[in-house]
Amino acid sequence: MREKILEAIDKNSKLSVSDLAIMLGSTETEVADAIKEMEDETIICGYPTLINWDKVHCERVTALIEVKVTPQRGLGFDKIAERIYQFDEVQSVYLMSGGFDLTVIIEGKTLREVANFVSAKLAPMDTVQSTATHFVLKKYKEHGLPLVQTKTDERMLITP
Amino acid sequence: MRNPLSETVIGIQPSGIRKFFDIVSEMKDAISLGVGEPDFDTPWHIREEGIYSLEKGRTFYTSNAGLMELKMEICRYLKRRHDLDYHYNHEIMVTVGGSEAIDIALRAMLDPGDEVLIPQPCYVSYHPCTVLAGGVPVTIELKGENEFKLTRQQLLSAITDKTKVLVLAYPNNPTGAIMDYGDLKELVDVIIDKDLFVISDEIYAELTYGRKHVSIASFPGMKERTVVINGFSKSYAMTGWRLGYAAGPACIIEQMIKIHQFAIMCAPTTSQYAGVEALKNGDSDVEMMRDAYDKRRRYVVHALRGMGLECFEPYGAFYVFPCIKSLGMSSEEFAAALLQEEKVAVVPGTAFGDCGEGYLRISYAYSISDLKVALGRIEKFVARHAK
């Protein structure tokens, strides 16, 4: 049941408990309990909204930063990752395999704000060896959903 | 001047759907639950394969029966999913959609006067294709109380010494009914005993919910008297590609290929290459779509029952077939009034045969949010007209 619920709300967190119960052939209590449990266990960590900010004429800059760090004895990468993700500007932090260690995605209002964050906060950290900042020019798809959606139903209204 | 037209063609009634389509298409901003095709796009990897075949310049005819690679994949698929054994070389042919396969199967099998049993309500083409093939369509009126399954008794009482072919179309459009192993088993010995042949239209075979599709060809003694018709339209959301196939005894397939070769030549080459990709790597797409349909199915059935409409559990296809007899309107009256008053288009059951009277076909090949809006309007309508 848990997996079924997660699959159903993965792309649409607005589905109500009663709709979910109908669609999954379950009861409202069962669905509500399962969701509550998964929230408590932080399997479900939140219900954000996917917004295409480009359409609201509101300045936003996203950057992806490749970060090389020195892992700390006994703590590995977790400690440094935590120090980074605590900043509000930071949207995502991933530990990577390959040429660098952490991918840090940050969002700021202006280019300057992002630059400041990197030069004043991120780069000077003791364990950070180097950073490489890439600015996002345009977002096409996020969370499995295309951001530019102009699709209309082209089917004929009635077909056999 | 002489009449340029054939009496036979003149005698064929235009599809009841067509009539309703004309009314709907004049209506501005109507929402429709009347569509008989998936709302999903063809999965990208399948489309991409079609594009690639065009880039490669694969723009020639294929052999009449279809690409060898596709026929082999079809055989593997039929074995994998429906436990059917066919030889790709003599027992499979690729057609322009399931609808071509229906037409040429009938033409290959019928002589003038041969009777074809057609259980209704059903897809609109069996009847006219029988007539065009010189056969005599004999309607079997399926009953709501049997959940629109064909019963042994109904079959027995429809058979005459002229009966040659039985059309079976499960999972069914428009009713959403399926026939499971036990239901089919009841028919098998009658079919064999009376020496009938079956055209089994299994185009919705992938879309069953909670129960597995069983092909009548998988029963002992049935493979040699069954033409299985299937295709890519419903399972892979590929309606516009026009790609289907028939599997059956070599002697029938051979004659079907003969008609196909003169009338059609071959199914579209681009579509055939895309079809190979669909069968090779498309199982998970089918599963994803089936899962989505199943959620919508539960949602629609629940909503219709909530309105007080009687609605048997549809285990297949993507249609619900609620009964509206309690409202004291005919199917056509209901559909026309619903369209006028609430701007929602559904198809009257009578478009699929007279015994569809009192029922509506509601398609759930729509997103949940679309269904929600449309069902809300239907609910208002039903409440207003309830007796």
# chains A, B, ... in the order shown; residues from 1 in each chain; ligands from 1
call {"tool": "closest_atom_pairs", "arguments": {"of": "chain A", "to": "chain B", "cutoff": "6 Å", "atoms": "only C-alpha atoms", "output": "Markdown table"}}
result
| residue | atom | partner | partner_atom | distance |
| --- | --- | --- | --- | --- |
| A:Ile22 | CA | B:Tyr299 | CA | 5.7 |
| A:Met23 | CA | B:Lys295 | CA | 4.3 |
| A:Leu157 | CA | B:Ser32 | CA | 5.8 |
| A:Ile158 | CA | B:Gly34 | CA | 4.7 |
| A:Thr159 | CA | B:Val35 | CA | 5.0 |
| A:Pro160 | CA | B:Gly36 | CA | 5.3 |
call {"tool": "residues_around", "arguments": {"residues": "Met288 (chain B)", "least_positions_apart": "2", "cutoff": "12 Å", "atoms": "only C-alpha atoms", "output": "VMD selection string"}}
result
(chain A and resid 4 7 to 8) or (chain B and resid 40 43 206 to 207 235 to 237 282 to 286 290 to 295)
call {"tool": "closest_residue", "arguments": {"among": "A:Ile84, A:Leu15, A:Leu147, A:Ala32", "to": "Val67 (chain A)", "atoms": "only C-alpha atoms"}}
result
A:Ile84
call {"tool": "residues_around", "arguments": {"residues": "Ser233 (chain B)", "least_positions_apart": "5", "cutoff": "7 Å", "atoms": "only C-alpha atoms", "output": "PyMOL selection string"}}
result
chain B and resi 238-239+243
call {"tool": "closest_residue", "arguments": {"among": "A:Leu95, A:Met156, A:Leu50, A:Val90", "to": "Lys141 (chain A)", "atoms": "only C-alpha atoms"}}
result
A:Leu50
call {"tool": "atom_distance", "arguments": {"atom1": "CA of Ile12 (chain B)", "atom2": "CA of Pro128 (chain B)"}}
result
6.3 Å
call {"tool": "closest_atom_pairs", "arguments": {"of": "region 3-114 of chain A", "to": "region 129-135 of chain A", "cutoff": "6 Å", "atoms": "only C-alpha atoms", "output": "CSV"}}
result
residue,atom,partner,partner_atom,distance
A:Ala63,CA,A:Phe135,CA,4.2
A:Leu64,CA,A:His134,CA,5.1
A:Ile65,CA,A:Thr133,CA,4.3
A:Glu66,CA,A:Ala132,CA,5.0
A:Val67,CA,A:Thr131,CA,4.6
A:Lys68,CA,A:Ser130,CA,5.2
A:Val69,CA,A:Gln129,CA,5.1
call {"tool": "select_by_dssp", "arguments": {"residues": "region 42-115 of chain B", "states": "strand (DSSP E)", "output": "PyMOL selection string"}}
result
chain B and resi 92-95+115
call {"tool": "write_last_selection", "arguments": {"atoms": "N, CA and C atoms", "output": "PDB file, in the first residue's frame"}}
result
ATOM      1  N   ILE B  92       1.325 -15.453 -38.662  1.00  0.00           N
ATOM      2  CA  ILE B  92       1.249 -14.063 -38.191  1.00  0.00           C
ATOM      3  C   ILE B  92       1.213 -13.136 -39.395  1.00  0.00           C
ATOM      4  N   MET B  93       0.397 -12.101 -39.338  1.00  0.00           N
ATOM      5  CA  MET B  93       0.517 -11.041 -40.346  1.00  0.00           C
ATOM      6  C   MET B  93       0.285  -9.691 -39.698  1.00  0.00           C
ATOM      7  N   VAL B  94       0.991  -8.695 -40.211  1.00  0.00           N
ATOM      8  CA  VAL B  94       0.893  -7.339 -39.678  1.00  0.00           C
ATOM      9  C   VAL B  94      -0.120  -6.573 -40.527  1.00  0.00           C
ATOM     10  N   THR B  95      -1.014  -5.862 -39.859  1.00  0.00           N
ATOM     11  CA  THR B  95      -2.110  -5.180 -40.575  1.00  0.00           C
ATOM     12  C   THR B  95      -2.139  -3.692 -40.243  1.00  0.00           C
ATOM     13  N   GLU B 115     -23.397 -17.262 -41.877  1.00  0.00           N
ATOM     14  CA  GLU B 115     -23.818 -16.402 -40.763  1.00  0.00           C
ATOM     15  C   GLU B 115     -22.672 -16.156 -39.785  1.00  0.00           C
TER      16      GLU B 115
END
call {"tool": "residues_around", "arguments": {"residues": "Thr49 (chain A)", "least_positions_apart": "2", "cutoff": "12 Å", "atoms": "only C-alpha atoms", "output": "PDB file with C-alpha atoms, in the first residue's frame"}}
result
ATOM      1  CA  ASP A  10       4.816  11.381  -6.656  1.00  0.00           C
ATOM      2  CA  LYS A  11       3.642  13.598  -9.506  1.00  0.00           C
ATOM      3  CA  ASN A  12       0.562  15.039  -7.822  1.00  0.00           C
ATOM      4  CA  SER A  13       0.655  15.746  -4.099  1.00  0.00           C
ATOM      5  CA  LYS A  14      -2.715  17.479  -4.262  1.00  0.00           C
ATOM      6  CA  GLY A  46       7.426  17.489   2.257  1.00  0.00           C
ATOM      7  CA  TYR A  47       4.933  18.613  -0.354  1.00  0.00           C
ATOM      8  CA  ILE A  51       6.851  26.425 -10.040  1.00  0.00           C
ATOM      9  CA  ASN A  52       8.123  27.754 -13.315  1.00  0.00           C
ATOM     10  CA  TRP A  53       9.554  31.005 -11.940  1.00  0.00           C
ATOM     11  CA  GLU A 142      12.007  19.101 -13.268  1.00  0.00           C
ATOM     12  CA  HIS A 143      10.770  16.277 -11.054  1.00  0.00           C
ATOM     13  CA  LEU A 145       7.516  17.148 -15.348  1.00  0.00           C
TER      14      LEU A 145
END
call {"tool": "closest_residue", "arguments": {"among": "B:Ile10, B:Leu84, B:Ala335, B:Leu279", "to": "Thr350 (chain B)", "atoms": "only C-alpha atoms"}}
result
B:Ala335
call {"tool": "closest_residue", "arguments": {"among": "A:Val118, A:Leu6, A:Arg155, A:Phe87", "to": "Met38 (chain A)", "atoms": "only C-alpha atoms"}}
result
A:Leu6
call {"tool": "atom_distance", "arguments": {"atom1": "CA of Lys121 (chain A)", "atom2": "CA of Gln72 (chain A)"}}
result
18.9 Å
call {"tool": "atom_distance", "arguments": {"atom1": "CA of Lys143 (chain B)", "atom2": "CA of Val228 (chain B)"}}
result
24.5 Å
call {"tool": "residues_around", "arguments": {"residues": "Ile51 (chain B)", "least_positions_apart": "2", "cutoff": "12 Å", "atoms": "only C-alpha atoms", "output": "ChimeraX atom specification"}}
result
/B:44-49,53-59,269-274,277
call {"tool": "closest_residue", "arguments": {"among": "B:Ala247, B:Tyr77, B:Gly144, B:Asp103", "to": "Cys129 (chain B)", "atoms": "only C-alpha atoms"}}
result
B:Asp103
call {"tool": "select_by_dssp", "arguments": {"residues": "chain A", "states": "alpha helix (DSSP H)", "output": "PyMOL selection string"}}
result
chain A and resi 2-10+17-23+28-40+78-85+111-116
call {"tool": "write_last_selection", "arguments": {"atoms": "C-alpha atoms", "output": "short mmCIF file (atom, residue, chain, number, x, y, z; two decimals), in the first residue's frame"}}
result
data_model
loop_
_atom_site.label_atom_id
_atom_site.label_comp_id
_atom_site.auth_asym_id
_atom_site.auth_seq_id
_atom_site.Cartn_x
_atom_site.Cartn_y
_atom_site.Cartn_z
CA ARG A 2 2.83 2.40 0.85
CA GLU A 3 4.43 2.10 -2.54
CA LYS A 4 1.10 2.51 -4.30
CA ILE A 5 0.42 5.72 -2.41
CA LEU A 6 3.88 7.06 -3.12
CA GLU A 7 3.60 6.31 -6.82
CA ALA A 8 0.22 8.03 -6.94
CA ILE A 9 1.32 11.22 -5.18
CA ASP A 10 4.82 11.38 -6.66
CA VAL A 17 -7.00 11.15 1.00
CA SER A 18 -10.51 10.27 -0.10
CA ASP A 19 -9.57 10.34 -3.81
CA LEU A 20 -6.51 8.22 -3.10
CA ALA A 21 -8.61 5.71 -1.18
CA ILE A 22 -11.01 5.38 -4.14
CA MET A 23 -8.29 5.19 -6.74
CA GLU A 28 -9.61 6.55 3.89
CA THR A 29 -8.36 5.45 7.29
CA GLU A 30 -5.84 3.06 5.80
CA VAL A 31 -4.50 5.69 3.40
CA ALA A 32 -4.40 8.44 6.03
CA ASP A 33 -2.58 6.16 8.49
CA ALA A 34 -0.05 5.08 5.89
CA ILE A 35 0.67 8.69 4.92
CA LYS A 36 1.02 9.72 8.57
CA GLU A 37 3.48 6.88 9.20
CA MET A 38 5.50 7.77 6.15
CA GLU A 39 5.64 11.40 7.21
CA ASP A 40 6.82 10.36 10.67
CA ASP A 78 28.36 13.96 5.94
CA LYS A 79 29.62 16.70 8.22
CA ILE A 80 30.73 18.98 5.44
CA ALA A 81 27.56 18.29 3.46
CA GLU A 82 25.54 19.29 6.50
CA ARG A 83 27.51 22.50 6.93
CA ILE A 84 26.67 23.34 3.34
CA TYR A 85 23.03 22.36 3.22
CA LEU A 111 24.00 36.66 -10.02
CA ARG A 112 25.80 38.75 -7.41
CA GLU A 113 24.03 36.98 -4.60
CA VAL A 114 25.11 33.60 -5.93
CA ALA A 115 28.66 34.82 -6.51
CA ASN A 116 28.77 36.16 -2.98
#
call {"tool": "closest_residue", "arguments": {"among": "B:Ile264, B:Tyr86, B:Lys234, B:Lys194", "to": "Ala250 (chain B)", "atoms": "only C-alpha atoms"}}
result
B:Tyr86
